[in-house]
Structure formats: structure tokens, C-alpha cells
>>> print(open('run.txt').read())   # compact mmCIF, C-alpha atoms
# COMPACT_ATOMS: atom_id res chain seq x y z
CA MET Q 17 5.02 7.08 -30.38
CA LYS Q 18 1.48 8.26 -29.83
CA LEU Q 19 -0.14 8.69 -26.41
CA TYR Q 20 -3.93 8.90 -26.41
CA GLN Q 21 -5.09 11.30 -23.66
CA LEU Q 22 -8.58 12.06 -22.36
CA CYS Q 23 -9.69 15.66 -22.91
CA GLY Q 24 -12.57 18.01 -22.11
CA ALA Q 25 -14.52 20.39 -24.32
CA ASP Q 26 -11.17 22.14 -24.75
CA SER Q 27 -8.90 19.55 -26.37
CA GLU Q 28 -5.94 21.01 -24.49
CA VAL Q 29 -7.50 20.22 -21.12
CA CYS Q 30 -6.24 16.66 -20.53
CA PHE Q 31 -7.32 15.28 -17.18
CA SER Q 32 -7.11 11.48 -17.11
CA PRO Q 33 -5.06 10.44 -14.05
CA TYR Q 34 -3.99 7.28 -15.87
CA ALA Q 35 -2.92 9.12 -19.04
CA TRP Q 36 -0.89 11.49 -16.87
CA ARG Q 37 0.87 8.52 -15.27
CA ALA Q 38 1.78 7.16 -18.70
CA LYS Q 39 2.93 10.59 -19.90
CA LEU Q 40 5.20 11.05 -16.87
CA CYS Q 41 6.72 7.59 -17.42
CA LEU Q 42 7.45 8.52 -21.05
CA LEU Q 43 9.06 11.79 -19.93
CA HIS Q 44 11.14 9.87 -17.33
CA LYS Q 45 12.45 7.64 -20.12
CA GLY Q 46 13.28 10.71 -22.21
CA LEU Q 47 11.15 9.44 -25.11
CA THR Q 48 9.53 11.61 -27.79
CA PHE Q 49 5.80 11.17 -28.33
CA GLU Q 50 2.80 12.83 -29.87
CA GLU Q 51 -0.30 13.36 -27.72
CA VAL Q 52 -3.71 12.60 -29.21
CA PRO Q 53 -6.66 14.10 -27.32
CA VAL Q 54 -9.75 11.87 -27.11
CA ARG Q 55 -13.18 12.76 -25.68
CA PHE Q 56 -15.37 10.18 -23.92
CA LEU Q 57 -17.52 9.93 -27.07
CA GLU Q 58 -14.59 9.71 -29.49
CA LYS Q 59 -13.68 6.08 -28.86
CA ASP Q 60 -13.38 5.58 -32.62
CA LYS Q 61 -9.92 7.18 -32.24
CA ILE Q 62 -8.82 4.14 -30.23
CA ALA Q 63 -10.84 1.57 -32.20
CA HIS Q 64 -7.59 -0.37 -32.80
CA VAL Q 65 -7.36 -1.59 -29.20
CA ALA Q 66 -9.48 -3.49 -26.70
CA PRO Q 67 -10.60 -2.58 -24.13
CA GLN Q 68 -11.07 0.95 -25.44
CA THR Q 69 -9.77 2.80 -22.41
CA ILE Q 70 -7.38 5.72 -21.98
CA PRO Q 71 -4.41 5.77 -22.00
CA VAL Q 72 -3.26 3.90 -25.09
CA LEU Q 73 0.35 3.99 -26.23
CA ASP Q 74 1.14 3.25 -29.87
CA ASP Q 75 4.79 2.37 -30.42
CA GLY Q 76 5.20 1.46 -34.09
CA ASP Q 77 2.97 -1.57 -34.66
CA THR Q 78 2.54 -2.23 -30.94
CA SER Q 79 -0.36 -0.78 -28.95
CA ILE Q 80 -0.54 -1.00 -25.17
CA VAL Q 81 -3.62 -0.25 -23.06
CA ASP Q 82 -3.54 0.53 -19.30
CA SER Q 83 -1.09 2.82 -17.56
CA PHE Q 84 0.60 0.06 -15.56
CA ALA Q 85 1.03 -2.13 -18.65
CA ILE Q 86 2.53 0.90 -20.41
CA ALA Q 87 4.99 1.42 -17.53
CA GLU Q 88 6.03 -2.25 -17.68
CA TYR Q 89 6.32 -2.10 -21.48
CA LEU Q 90 8.55 0.96 -21.30
CA GLU Q 91 10.75 -0.62 -18.62
CA THR Q 92 11.23 -3.77 -20.71
CA ASN Q 93 11.78 -2.06 -24.06
CA TYR Q 94 13.54 1.15 -22.98
CA PRO Q 95 15.41 0.07 -19.84
CA GLU Q 96 17.40 3.28 -19.27
CA PRO Q 97 16.91 5.23 -17.06
CA ASP Q 98 15.18 2.64 -14.91
CA LEU Q 99 11.62 3.45 -13.93
CA PHE Q 100 10.71 1.00 -11.16
CA GLY Q 101 14.01 0.78 -9.28
CA GLY Q 102 14.65 -2.95 -9.53
CA PRO Q 103 12.73 -6.23 -9.52
CA VAL Q 104 11.46 -6.15 -5.92
CA ALA Q 105 10.28 -2.53 -6.23
CA SER Q 106 8.46 -3.42 -9.46
CA VAL Q 107 6.66 -6.32 -7.76
CA GLN Q 108 5.65 -4.08 -4.85
CA ALA Q 109 4.44 -1.57 -7.46
CA ARG Q 110 1.66 -3.99 -8.44
CA PHE Q 111 0.39 -3.73 -4.86
CA LEU Q 112 0.72 0.05 -4.84
CA ASN Q 113 -1.12 0.29 -8.18
CA VAL Q 114 -4.18 -1.46 -6.70
CA TRP Q 115 -3.96 0.65 -3.54
CA LEU Q 116 -3.98 3.78 -5.71
CA ASP Q 117 -7.19 2.64 -7.42
CA GLN Q 118 -8.91 1.66 -4.19
CA THR Q 119 -7.86 4.62 -2.07
CA LEU Q 120 -6.46 7.58 -3.99
CA VAL Q 121 -8.71 7.45 -7.06
CA ILE Q 122 -11.88 6.60 -5.11
CA GLY Q 123 -11.08 9.23 -2.50
CA MET Q 124 -10.55 11.92 -5.14
CA VAL Q 125 -13.50 11.13 -7.38
CA GLN Q 126 -15.90 11.97 -4.56
CA LEU Q 127 -14.34 15.42 -4.35
CA ILE Q 128 -14.10 16.42 -8.01
CA LEU Q 129 -16.80 14.55 -9.95
CA MET Q 130 -18.84 17.71 -10.55
CA ASP Q 131 -15.73 19.60 -11.65
CA ILE Q 132 -14.94 16.94 -14.26
CA TYR Q 133 -18.54 17.25 -15.48
CA GLN Q 134 -18.20 21.02 -15.80
CA CYS Q 135 -15.23 20.84 -18.16
CA LEU Q 136 -17.06 18.72 -20.76
CA ASP Q 137 -19.14 19.80 -23.77
CA PRO Q 138 -22.95 19.19 -23.63
CA GLU Q 139 -22.90 15.79 -25.38
CA ASN Q 140 -20.06 14.41 -23.26
CA LYS Q 141 -21.71 15.90 -20.17
CA SER Q 142 -24.81 13.76 -20.79
CA TYR Q 143 -22.71 10.65 -21.31
CA PHE Q 144 -20.65 11.35 -18.19
CA ARG Q 145 -23.66 12.02 -16.00
CA GLU Q 146 -25.50 8.91 -17.16
CA THR Q 147 -22.56 6.49 -16.82
CA ARG Q 148 -21.26 7.89 -13.50
CA GLU Q 149 -24.68 8.12 -11.84
CA LYS Q 150 -25.26 4.50 -12.79
CA ARG Q 151 -21.81 3.48 -11.52
CA PHE Q 152 -22.07 5.27 -8.16
CA GLY Q 153 -25.80 4.72 -7.63
CA CYS Q 154 -26.57 8.38 -6.94
CA SER Q 155 -26.66 11.74 -8.73
CA LEU Q 156 -23.49 13.77 -9.31
CA GLU Q 157 -24.92 16.41 -6.99
CA GLU Q 158 -25.46 13.82 -4.22
CA MET Q 159 -21.88 12.62 -4.66
CA MET Q 160 -20.65 16.11 -3.80
CA GLU Q 161 -22.50 16.32 -0.47
CA GLY Q 162 -20.32 16.58 2.66
CA ARG Q 163 -17.33 17.49 0.51
CA ASP Q 164 -15.23 19.00 3.32
CA GLU Q 165 -15.76 15.98 5.60
CA LYS Q 166 -14.86 13.66 2.74
CA ARG Q 167 -11.71 15.70 2.18
CA GLU Q 168 -10.70 15.15 5.80
CA ARG Q 169 -11.04 11.39 5.38
CA PHE Q 170 -9.21 11.60 2.06
CA ARG Q 171 -6.31 13.49 3.61
CA LYS Q 172 -6.04 10.96 6.41
CA SER Q 173 -5.96 8.07 3.94
CA LEU Q 174 -2.70 9.45 2.54
CA ASN Q 175 -0.73 8.71 5.73
CA PRO Q 176 1.25 5.78 4.29
CA MET Q 177 2.77 8.19 1.76
CA ARG Q 178 3.64 10.71 4.46
CA ALA Q 179 5.60 7.94 6.23
CA ILE Q 180 7.90 7.93 3.20
CA LEU Q 181 8.14 11.71 2.86
CA ALA Q 182 9.15 12.05 6.52
CA LYS Q 183 12.52 10.64 5.43
CA SER Q 184 12.79 11.12 1.66
CA PRO Q 185 12.11 13.96 -0.80
CA TYR Q 186 10.37 11.58 -3.22
CA LEU Q 187 8.07 8.58 -2.78
CA SER Q 188 10.80 6.46 -4.38
CA GLY Q 189 13.67 7.91 -2.31
CA THR Q 190 16.23 10.46 -3.46
CA SER Q 191 14.81 10.79 -6.99
CA PRO Q 192 11.38 10.22 -8.56
CA ARG Q 193 10.39 6.90 -10.05
CA TRP Q 194 7.20 5.03 -10.90
CA PHE Q 195 5.43 5.48 -7.56
CA ASP Q 196 5.97 9.25 -7.71
CA TYR Q 197 4.57 9.41 -11.24
CA ALA Q 198 1.60 7.18 -10.39
CA VAL Q 199 0.61 9.32 -7.40
CA PHE Q 200 1.42 12.67 -8.99
CA GLY Q 201 -0.33 11.68 -12.24
CA THR Q 202 -3.41 10.99 -10.14
CA PHE Q 203 -3.12 14.41 -8.47
CA MET Q 204 -3.00 16.00 -11.95
CA TRP Q 205 -6.63 14.92 -12.36
CA PRO Q 206 -8.00 17.34 -9.69
CA HIS Q 207 -5.32 19.90 -10.56
CA VAL Q 208 -6.57 20.19 -14.14
CA VAL Q 209 -10.33 20.19 -13.51
CA SER Q 210 -10.89 21.60 -10.03
CA PRO Q 211 -10.11 24.74 -8.01
CA TYR Q 212 -10.91 22.81 -4.79
CA ALA Q 213 -7.75 22.48 -2.63
CA LEU Q 214 -7.20 18.78 -1.94
CA LEU Q 215 -4.04 19.18 0.12
CA ALA Q 216 -3.34 21.61 2.96
CA GLU Q 217 -0.31 23.81 2.42
CA ASP Q 218 1.43 22.49 5.55
CA ASP Q 219 1.22 18.89 4.29
CA SER Q 220 4.48 17.15 3.31
CA LEU Q 221 2.57 15.88 0.27
CA TYR Q 222 1.93 19.48 -0.77
CA ASP Q 223 5.69 20.17 -0.83
CA TRP Q 224 6.32 16.92 -2.66
CA ARG Q 225 3.71 17.84 -5.27
CA GLU Q 226 5.44 21.18 -5.77
CA ARG Q 227 8.72 19.33 -6.41
CA MET Q 228 6.93 17.11 -8.91
CA PHE Q 229 5.48 20.12 -10.75
CA GLY Q 230 9.05 21.28 -11.33
CA LEU Q 231 10.21 18.11 -13.12
CA PHE Q 232 10.82 17.93 -16.87
CA GLY Q 233 11.17 21.67 -17.21
CA GLY Q 234 7.85 22.32 -15.49
CA GLU Q 235 5.81 20.24 -17.98
CA ALA Q 236 3.03 19.45 -15.48
CA ARG Q 237 2.89 22.97 -14.13
CA ARG Q 238 2.18 24.26 -17.65
CA ALA Q 239 -0.79 21.90 -18.07
CA LYS Q 240 -3.92 23.81 -19.10
CA GLN Q 241 -6.56 23.96 -16.37
CA ALA Q 242 -10.29 23.93 -17.08
CA PHE Q 243 -11.33 26.69 -14.70
CA MET D 23 21.68 -11.59 19.85
CA LYS D 24 18.53 -11.64 21.94
CA LEU D 25 15.03 -11.19 20.53
CA TYR D 26 12.36 -10.31 23.09
CA GLN D 27 9.06 -11.94 22.12
CA LEU D 28 5.56 -11.55 23.55
CA CYS D 29 4.15 -14.73 25.10
CA GLY D 30 0.96 -16.06 26.67
CA ALA D 31 0.38 -18.00 29.88
CA ASP D 32 2.50 -20.67 28.17
CA SER D 33 5.89 -19.04 27.56
CA GLU D 34 6.26 -21.06 24.34
CA VAL D 35 3.16 -19.48 22.83
CA CYS D 36 4.65 -16.39 21.15
CA PHE D 37 2.06 -14.39 19.25
CA SER D 38 3.23 -10.82 18.64
CA PRO D 39 2.91 -10.08 14.91
CA TYR D 40 5.76 -7.58 15.18
CA ALA D 41 8.06 -9.98 17.01
CA TRP D 42 7.35 -12.58 14.32
CA ARG D 43 8.35 -10.08 11.64
CA ALA D 44 11.66 -9.42 13.41
CA LYS D 45 12.27 -13.14 13.90
CA LEU D 46 11.68 -13.89 10.22
CA CYS D 47 14.09 -11.10 9.22
CA LEU D 48 16.74 -12.59 11.52
CA LEU D 49 16.17 -16.04 9.98
CA HIS D 50 16.42 -14.52 6.47
CA LYS D 51 19.82 -13.09 7.42
CA GLY D 52 20.92 -16.48 8.74
CA LEU D 53 21.73 -14.98 12.14
CA THR D 54 21.78 -16.88 15.44
CA PHE D 55 19.70 -15.46 18.27
CA GLU D 56 18.19 -16.36 21.61
CA GLU D 57 14.47 -15.73 22.14
CA VAL D 58 13.32 -14.19 25.41
CA PRO D 59 9.60 -14.60 26.16
CA VAL D 60 7.97 -11.57 27.81
CA ARG D 61 4.40 -11.27 29.14
CA PHE D 62 2.45 -8.00 29.02
CA LEU D 63 3.13 -7.50 32.75
CA GLU D 64 6.82 -8.39 32.54
CA LYS D 65 8.06 -5.11 31.07
CA ASP D 66 10.92 -5.15 33.57
CA LYS D 67 12.59 -7.62 31.18
CA ILE D 68 12.87 -4.81 28.62
CA ALA D 69 13.52 -2.01 31.12
CA HIS D 70 16.72 -1.16 29.22
CA VAL D 71 14.81 0.34 26.24
CA ALA D 72 12.23 3.04 25.57
CA PRO D 73 9.52 2.78 24.55
CA GLN D 74 9.04 -0.60 26.23
CA THR D 75 7.39 -2.38 23.34
CA ILE D 76 7.93 -5.79 21.77
CA PRO D 77 9.98 -6.69 19.81
CA VAL D 78 13.35 -5.60 21.11
CA LEU D 79 16.58 -6.83 19.56
CA ASP D 80 19.76 -6.77 21.63
CA ASP D 81 22.89 -7.03 19.52
CA GLY D 82 25.86 -6.69 21.83
CA ASP D 83 25.57 -3.23 23.41
CA THR D 84 22.99 -2.06 20.88
CA SER D 85 19.24 -2.39 21.50
CA ILE D 86 16.68 -1.73 18.79
CA VAL D 87 12.94 -1.31 19.38
CA ASP D 88 10.27 -1.66 16.66
CA SER D 89 10.15 -4.35 13.98
CA PHE D 90 10.76 -1.97 11.08
CA ALA D 91 13.73 -0.35 12.82
CA ILE D 92 15.08 -3.86 13.47
CA ALA D 93 14.71 -4.75 9.77
CA GLU D 94 16.57 -1.56 8.77
CA TYR D 95 19.26 -2.20 11.40
CA LEU D 96 19.82 -5.72 10.12
CA GLU D 97 19.98 -4.55 6.50
CA THR D 98 22.60 -1.93 7.37
CA ASN D 99 24.73 -4.09 9.65
CA TYR D 100 24.32 -7.52 8.05
CA PRO D 101 23.82 -6.66 4.37
CA GLU D 102 23.91 -10.22 2.99
CA PRO D 103 21.56 -11.71 1.90
CA ASP D 104 19.65 -8.51 1.17
CA LEU D 105 16.32 -8.15 2.94
CA PHE D 106 14.53 -5.25 1.21
CA GLY D 107 15.62 -5.78 -2.39
CA GLY D 108 17.29 -2.45 -3.05
CA PRO D 109 16.88 1.23 -2.15
CA VAL D 110 13.58 1.92 -3.95
CA ALA D 111 11.96 -1.22 -2.52
CA SER D 112 13.11 -0.22 0.97
CA VAL D 113 11.57 3.26 0.59
CA GLN D 114 8.30 1.75 -0.65
CA ALA D 115 8.49 -0.61 2.35
CA ARG D 116 7.90 2.37 4.67
CA PHE D 117 4.57 2.90 2.91
CA LEU D 118 3.72 -0.80 3.09
CA ASN D 119 4.60 -0.88 6.80
CA VAL D 120 2.00 1.81 7.56
CA TRP D 121 -0.55 0.10 5.32
CA LEU D 122 -0.01 -3.11 7.29
CA ASP D 123 -0.77 -1.31 10.55
CA GLN D 124 -3.83 0.48 9.22
CA THR D 125 -5.36 -2.40 7.28
CA LEU D 126 -3.95 -5.83 8.09
CA VAL D 127 -3.42 -5.41 11.84
CA ILE D 128 -6.66 -3.46 12.41
CA GLY D 129 -8.60 -5.93 10.26
CA MET D 130 -7.24 -8.92 12.15
CA VAL D 131 -7.55 -7.59 15.67
CA GLN D 132 -11.33 -7.38 15.30
CA LEU D 133 -11.37 -11.09 14.49
CA ILE D 134 -9.05 -12.51 17.14
CA LEU D 135 -9.10 -10.19 20.15
CA MET D 136 -10.99 -12.68 22.31
CA ASP D 137 -8.65 -15.50 21.27
CA ILE D 138 -5.61 -13.47 22.37
CA TYR D 139 -7.35 -12.88 25.69
CA GLN D 140 -7.99 -16.60 26.13
CA CYS D 141 -4.32 -17.55 25.87
CA LEU D 142 -3.25 -15.30 28.76
CA ASP D 143 -2.98 -16.06 32.49
CA PRO D 144 -5.52 -14.37 34.84
CA GLU D 145 -3.37 -11.35 35.73
CA ASN D 146 -2.42 -10.61 32.13
CA LYS D 147 -6.05 -11.22 31.11
CA SER D 148 -7.16 -8.36 33.38
CA TYR D 149 -4.47 -6.07 32.03
CA PHE D 150 -5.33 -6.97 28.43
CA ARG D 151 -9.07 -6.51 28.89
CA GLU D 152 -8.67 -3.17 30.61
CA THR D 153 -6.19 -1.65 28.14
CA ARG D 154 -7.91 -2.98 24.98
CA GLU D 155 -11.43 -2.04 26.06
CA LYS D 156 -10.16 1.47 26.73
CA ARG D 157 -8.34 1.59 23.38
CA PHE D 158 -11.27 0.33 21.29
CA GLY D 159 -14.03 1.97 23.32
CA CYS D 160 -16.06 -1.23 23.73
CA SER D 161 -15.89 -4.59 25.50
CA LEU D 162 -13.88 -7.47 24.04
CA GLU D 163 -17.18 -9.32 23.56
CA GLU D 164 -18.65 -6.41 21.61
CA MET D 165 -15.55 -6.32 19.40
CA MET D 166 -16.27 -9.91 18.33
CA GLU D 167 -19.82 -9.20 17.13
CA GLY D 168 -20.49 -9.72 13.43
CA ARG D 169 -17.26 -11.67 13.11
CA ASP D 170 -18.11 -13.39 9.82
CA GLU D 171 -19.14 -10.11 8.15
CA LYS D 172 -15.95 -8.47 9.41
CA ARG D 173 -13.99 -11.39 7.97
CA GLU D 174 -15.55 -10.74 4.55
CA ARG D 175 -14.42 -7.11 4.66
CA PHE D 176 -11.01 -8.19 5.92
CA ARG D 177 -10.58 -10.65 3.06
CA LYS D 178 -11.56 -8.00 0.52
CA SER D 179 -9.03 -5.55 1.97
CA LEU D 180 -6.23 -7.96 0.99
CA ASN D 181 -6.79 -7.44 -2.76
CA PRO D 182 -3.63 -5.38 -3.33
CA MET D 183 -1.59 -8.41 -2.23
CA ARG D 184 -3.51 -10.73 -4.53
CA ALA D 185 -2.54 -8.46 -7.43
CA ILE D 186 1.07 -9.44 -6.73
CA LEU D 187 0.38 -13.15 -6.23
CA ALA D 188 -1.46 -13.33 -9.56
CA LYS D 189 2.00 -13.10 -11.15
CA SER D 190 4.57 -14.05 -8.50
CA PRO D 191 4.93 -16.84 -5.90
CA TYR D 192 6.01 -14.34 -3.23
CA LEU D 193 4.99 -10.78 -2.37
CA SER D 194 8.54 -9.73 -3.25
CA GLY D 195 8.73 -11.69 -6.52
CA THR D 196 10.53 -14.98 -7.08
CA SER D 197 11.79 -15.27 -3.51
CA PRO D 198 10.64 -13.94 -0.12
CA ARG D 199 11.91 -10.65 1.26
CA TRP D 200 10.81 -8.05 3.82
CA PHE D 201 7.24 -7.61 2.59
CA ASP D 202 6.63 -11.37 2.76
CA TYR D 203 7.97 -11.52 6.31
CA ALA D 204 5.99 -8.46 7.41
CA VAL D 205 2.71 -9.88 6.10
CA PHE D 206 3.38 -13.48 7.11
CA GLY D 207 4.61 -12.41 10.55
CA THR D 208 1.28 -10.64 10.99
CA PHE D 209 -0.59 -13.80 9.95
CA MET D 210 1.35 -15.73 12.61
CA TRP D 211 -0.58 -13.72 15.22
CA PRO D 212 -3.98 -15.33 14.44
CA HIS D 213 -2.29 -18.61 13.57
CA VAL D 214 -0.84 -18.95 17.06
CA VAL D 215 -3.85 -17.81 19.10
CA SER D 216 -6.97 -18.61 17.07
CA PRO D 217 -8.65 -21.59 15.41
CA TYR D 218 -10.81 -19.17 13.37
CA ALA D 219 -9.98 -19.50 9.62
CA LEU D 220 -9.00 -16.06 8.33
CA LEU D 221 -8.30 -17.11 4.75
CA ALA D 222 -10.41 -19.28 2.46
CA GLU D 223 -8.58 -22.32 1.09
CA ASP D 224 -9.09 -21.21 -2.52
CA ASP D 225 -7.37 -17.85 -1.85
CA SER D 226 -3.99 -17.24 -3.50
CA LEU D 227 -2.91 -15.82 -0.13
CA TYR D 228 -3.67 -19.19 1.47
CA ASP D 229 -1.26 -20.93 -0.91
CA TRP D 230 1.33 -18.21 -0.35
CA ARG D 231 1.00 -18.62 3.42
CA GLU D 232 1.59 -22.37 3.01
CA ARG D 233 4.81 -21.61 1.09
CA MET D 234 5.87 -19.26 3.88
CA PHE D 235 5.23 -21.94 6.53
CA GLY D 236 7.75 -24.12 4.70
CA LEU D 237 10.64 -21.63 4.90
CA PHE D 238 13.62 -22.04 7.26
CA GLY D 239 13.02 -25.77 7.69
CA GLY D 240 9.39 -25.23 8.71
CA GLU D 241 10.23 -22.96 11.66
CA ALA D 242 6.89 -21.12 11.58
CA ARG D 243 4.87 -24.30 11.06
CA ARG D 244 6.34 -25.72 14.27
CA ALA D 245 5.26 -22.66 16.29
CA LYS D 246 3.25 -23.70 19.36
CA GLN D 247 -0.43 -22.80 19.13
CA ALA D 248 -2.52 -21.78 22.14
CA PHE D 249 -5.62 -23.83 21.37
>>> encode(input="run.txt", output="C-alpha cells")
Amino acid sequence: MKLYQLCGADSEVCFSPYAWRAKLCLLHKGLTFEEVPVRFLEKDKIAHVAPQTIPVLDDGDTSIVDSFAIAEYLETNYPEPDLFGGPVASVQARFLNVWLDQTLVIGMVQLILMDIYQCLDPENKSYFRETREKRFGCSLEEMMEGRDEKRERFRKSLNPMRAILAKSPYLSGTSPRWFDYAVFGTFMWPHVVSPYALLAEDDSLYDWRERMFGLFGGEARRAKQAF
Amino acid sequence: MKLYQLCGADSEVCFSPYAWRAKLCLLHKGLTFEEVPVRFLEKDKIAHVAPQTIPVLDDGDTSIVDSFAIAEYLETNYPEPDLFGGPVASVQARFLNVWLDQTLVIGMVQLILMDIYQCLDPENKSYFRETREKRFGCSLEEMMEGRDEKRERFRKSLNPMRAILAKSPYLSGTSPRWFDYAVFGTFMWPHVVSPYALLAEDDSLYDWRERMFGLFGGEARRAKQAF
């Protein structure tokens, strides 16, 4: 298997939240895979799929795009150990996946956009600035204004997850499953590119993230950071 | 079993979204129960519990407050047919329950507050106006300003649920479970008190709501409306 990751100027700095989700699902399944680093301007490396977005998983002749599609593919084709925790949990996961995009990803991007920019080489920097400034309708520098106030709102938006952690060590209960990997994979994005502390140390999510860092022999904790 | 409901001037008009959730969970379990209508100013009827909030379920000597606690109590004590769909789904449900409060309930209340007011008797009207105007920091009339624009935002906030319905007839998959009852129970609130159309007819959630109305021999469809 090959997992195509998104990387910075340093090809070992892999920061895509979606690629991290896919990687954690592969680790959960105990599968062996090779990681292929791809820069924004190296889409020729994934010319065999459409749309050309990261992550891509190649499994023999099959290629799957999109982290959620990869999770579903793995669950269908490599059922043990189970990833979603049953049919109802996997249906609810479709809801949670959209919530993550609308709340967690959007909340984070406003806090780390400039840090992502900083970890790219000059050519990819230009591409990133142009596409993101067009997408958000303002400059990268403007996006970073009021960062601490935005972080307060971001932290508050995480309350539904704290409702779980008040009673369980993981977001999926007694052991980690898809929802843990989807949220933690997203937190790997700021972790890899940014020294800015997203979570307060007295937050139950902070403790949960520490537990997640320890999984798979500390694989995520060893991830190379850009700063 | 006794389920304490919240009612309007007409004791048959029961509109609490949380009481509806509990009622639907009881129906799912196939349990027999008596419904006790309670007005805002009739808290003496539930003087045996704390906090004195609706719904309350009395099961013999046991009393349970809070719709989610009632769902968990039923699942533990009357396991068949299962309500949550397994341990991971029930953990994720704690997240969804908070999301419902922060998004669905808050989104709806801005659209129907005046309609709730209208279905109360004069004494309960005064109580409702005073407590709600204090809670929201503005008059009931001010809360209703820009209703159509608020409805647009409300409809957009439901996207995570549409991601499920794009692939499944129910929010829990092939058949309804807790998440369906929690969302549909919340939609019973506007349905009972307000003629204002919250969902567009071409919305997948509209079709889903129609399917939910048909459950349990059309129990919810027969609910008395205030208008």
C-alpha cells in the first residue's frame, strides 16, 4: 500500500490533517504501507486519481481519494480490528465528519494559516498564498488578526467532545476508533506546523491528545515538526 | 411508568422537545406509560425530583430527570430492542446530544419563541416572557426579528445530518434509533406550536421527518397542535 501525504519544504514534515486521519486508520488496522510525500505543486505524483487531493491510498490496483472514503474502504476490505464500532456508529460518523470540516478544520485554519505558509518552499509559498487568499477573501496576515480571541471561540466550539471525555478516556469510549483518529489527525496539523498552543493544559482534550500521542509506539509523537 | 410532559394552556398540547425525545425512546422500547401534562408554573407535580425540569420518568420507585439520562436508563434496564446501536454509537451520542443543544435547539428557539408564548395561558405567558427575556437579553418580539434570514442560517446548520441522509433513510442507518428520536423529538417542538415552515419541502430532512411521523402507528402525526 502507498499513502500519499502532503509535505512542506522538508519532505519529512507531513501536515495534512486528512492524510494523518488516513495514516492513523491504517495503523489501527495494523497494515503496512509506504508513505509518499507530495508538495502542493507536485500533483503529477497523484495524476492517477481524480480529484487530485491528499490523501490518496493505493492498494494494489485500487486507488481511493478522501480520508473518509479510505476509512470506509479499510473497514470493508480489512474488517479486523473494527474501526468504526458497528453500523450505527459508522452512520453517525458521516455526521461527525462534516462537523469536523465545518467546525474543527475551519476553527484551526484561522489560527495556523501563517504557520503552514512558513513551512513551505518559495514556489509553494506563492501558490499557497494565492489560492488561500482567494478562498478566504483576505490576506494571510489579515486572517491571523485577533488570534487569541479566535482561539477562545475555537476552544469553546470543542465542548461536544468534552461531553464525551467527561465519562470516557477516548472519543469512542474505552479504546480509540475512527472518531479519535479523525479528531487527533486534525490536531496533528497544528502540531506539525505551529508552536501556537491550541489547547490549554487543564483541558480534558489536552489529556486525551497526550493519550493519542502514545498510540502505535508513539508514532505521532515522533512526527517531525516544522519549527 | 409515568412520563411528565410540558403542556400549554391546552393540556393536550405537549411541546417540550426533550419530553418528545423521551417519549419516542419509550415507544421504541415498546413500553407502556402514562403521560402527565405539566405547565411551567406547575412544578409541584415534579416536586419529587431535582432539578425540577421536564421530562421526568417515574419507573416504580425510580425517577430519572433529563432526556439523555432517561435514554441511558432505558437502554440499561430494558435492553431490547437496542436504542443506541452499540457502545461506540452510545458514546458518540453524548457528542451529538450537546451538538443538538448548541445548534438545533438554539437555532429553532429563535424561530418559534413567540409561537410557544402564544400557546400558553395568561399566567404562564407572564412567567415565560419574564424568564426568556432575561435569558436571551432581549424582548420576545426582538428575538423574532429577521426570522427568514435566521431560518436560512438554521437550515444551513443542518448539513451534517444531510450527509447521513444522502446515503441512509434514517439518521441511524436503515432503521431509526436514538439520534433519529433526539432530532425528530426536537422538531416536534416547532411542529406542535408553530405554523412557520422550518424545512423546505425539497430538503432530504423533510422527507426523513415524514418517515418519522409515520412511526409507531402515526403517534407523532396525531399530536395536537396549538394553532
>>> residues_around(input="run.txt", residues="range 246-248 of chain D", least_positions_apart="2", cutoff="7 Å", atoms="only C-alpha atoms", output="JSON, numbers by chain")
{"D": [34, 35, 141, 214, 215, 244]}
>>> closest_residue(input="run.txt", among="Q:Ile122, Q:Cys154, Q:Ala109, Q:Leu22", to="chain D", atoms="all atoms listed in the file")
Q:Ala109
>>> atom_distance(input="run.txt", atom1="CA of Ser190 in chain D", atom2="CA of Phe235 in chain D")
17.0 Å
>>> closest_residue(input="run.txt", among="Q:Ala25, Q:Leu127, Q:Leu174, Q:Leu156", to="chain D", atoms="only C-alpha atoms")
Q:Leu174
>>> residues_near_point(input="run.txt", point="(-5.8, -16.0, 17.2)", cutoff="6 Å", atoms="all atoms listed in the file", output="list in words")
Ile134, Asp137, Ile138, Pro212, His213, Val214, Val215 and Ser216 of chain D
>>> residues_around(input="run.txt", residues="Ser83 in chain Q", least_positions_apart="3", cutoff="6 Å", atoms="all atoms listed in the file", output="list in words")
Tyr34, Ala38 and Ile86 of chain Q
>>> closest_residue(input="run.txt", among="D:Leu25, D:Met183, D:Val60, D:Leu96", to="Leu122 in chain D", atoms="all atoms listed in the file")
D:Met183
>>> interface_residues(input="run.txt", of="chain Q", to="chain D", cutoff="12 Å", atoms="only C-alpha atoms", output="tab-separated table (two decimals) with C-alpha atoms, in the coordinates of the input")
chain	number	residue	atom	x	y	z
Q	98	ASP	CA	15.18	2.64	-14.91
Q	99	LEU	CA	11.62	3.45	-13.93
Q	100	PHE	CA	10.71	1.00	-11.16
Q	101	GLY	CA	14.01	0.78	-9.28
Q	102	GLY	CA	14.65	-2.95	-9.53
Q	103	PRO	CA	12.73	-6.23	-9.52
Q	104	VAL	CA	11.46	-6.15	-5.92
Q	105	ALA	CA	10.28	-2.53	-6.23
Q	106	SER	CA	8.46	-3.42	-9.46
Q	107	VAL	CA	6.66	-6.32	-7.76
Q	108	GLN	CA	5.65	-4.08	-4.85
Q	109	ALA	CA	4.44	-1.57	-7.46
Q	110	ARG	CA	1.66	-3.99	-8.44
Q	111	PHE	CA	0.39	-3.73	-4.86
Q	112	LEU	CA	0.72	0.05	-4.84
Q	113	ASN	CA	-1.12	0.29	-8.18
Q	114	VAL	CA	-4.18	-1.46	-6.70
Q	115	TRP	CA	-3.96	0.65	-3.54
Q	116	LEU	CA	-3.98	3.78	-5.71
Q	117	ASP	CA	-7.19	2.64	-7.42
Q	118	GLN	CA	-8.91	1.66	-4.19
Q	119	THR	CA	-7.86	4.62	-2.07
Q	172	LYS	CA	-6.04	10.96	6.41
Q	173	SER	CA	-5.96	8.07	3.94
Q	174	LEU	CA	-2.70	9.45	2.54
Q	175	ASN	CA	-0.73	8.71	5.73
Q	176	PRO	CA	1.25	5.78	4.29
Q	177	MET	CA	2.77	8.19	1.76
Q	178	ARG	CA	3.64	10.71	4.46
Q	179	ALA	CA	5.60	7.94	6.23
Q	180	ILE	CA	7.90	7.93	3.20
Q	181	LEU	CA	8.14	11.71	2.86
Q	182	ALA	CA	9.15	12.05	6.52
Q	183	LYS	CA	12.52	10.64	5.43
Q	184	SER	CA	12.79	11.12	1.66
Q	185	PRO	CA	12.11	13.96	-0.80
Q	186	TYR	CA	10.37	11.58	-3.22
Q	187	LEU	CA	8.07	8.58	-2.78
Q	188	SER	CA	10.80	6.46	-4.38
Q	189	GLY	CA	13.67	7.91	-2.31
Q	190	THR	CA	16.23	10.46	-3.46
Q	191	SER	CA	14.81	10.79	-6.99
Q	192	PRO	CA	11.38	10.22	-8.56
Q	193	ARG	CA	10.39	6.90	-10.05
Q	194	TRP	CA	7.20	5.03	-10.90
Q	195	PHE	CA	5.43	5.48	-7.56
Q	196	ASP	CA	5.97	9.25	-7.71
>>> atom_distance(input="run.txt", atom1="CA of Tyr133 in chain Q", atom2="CA of Tyr20 in chain Q")
20.1 Å
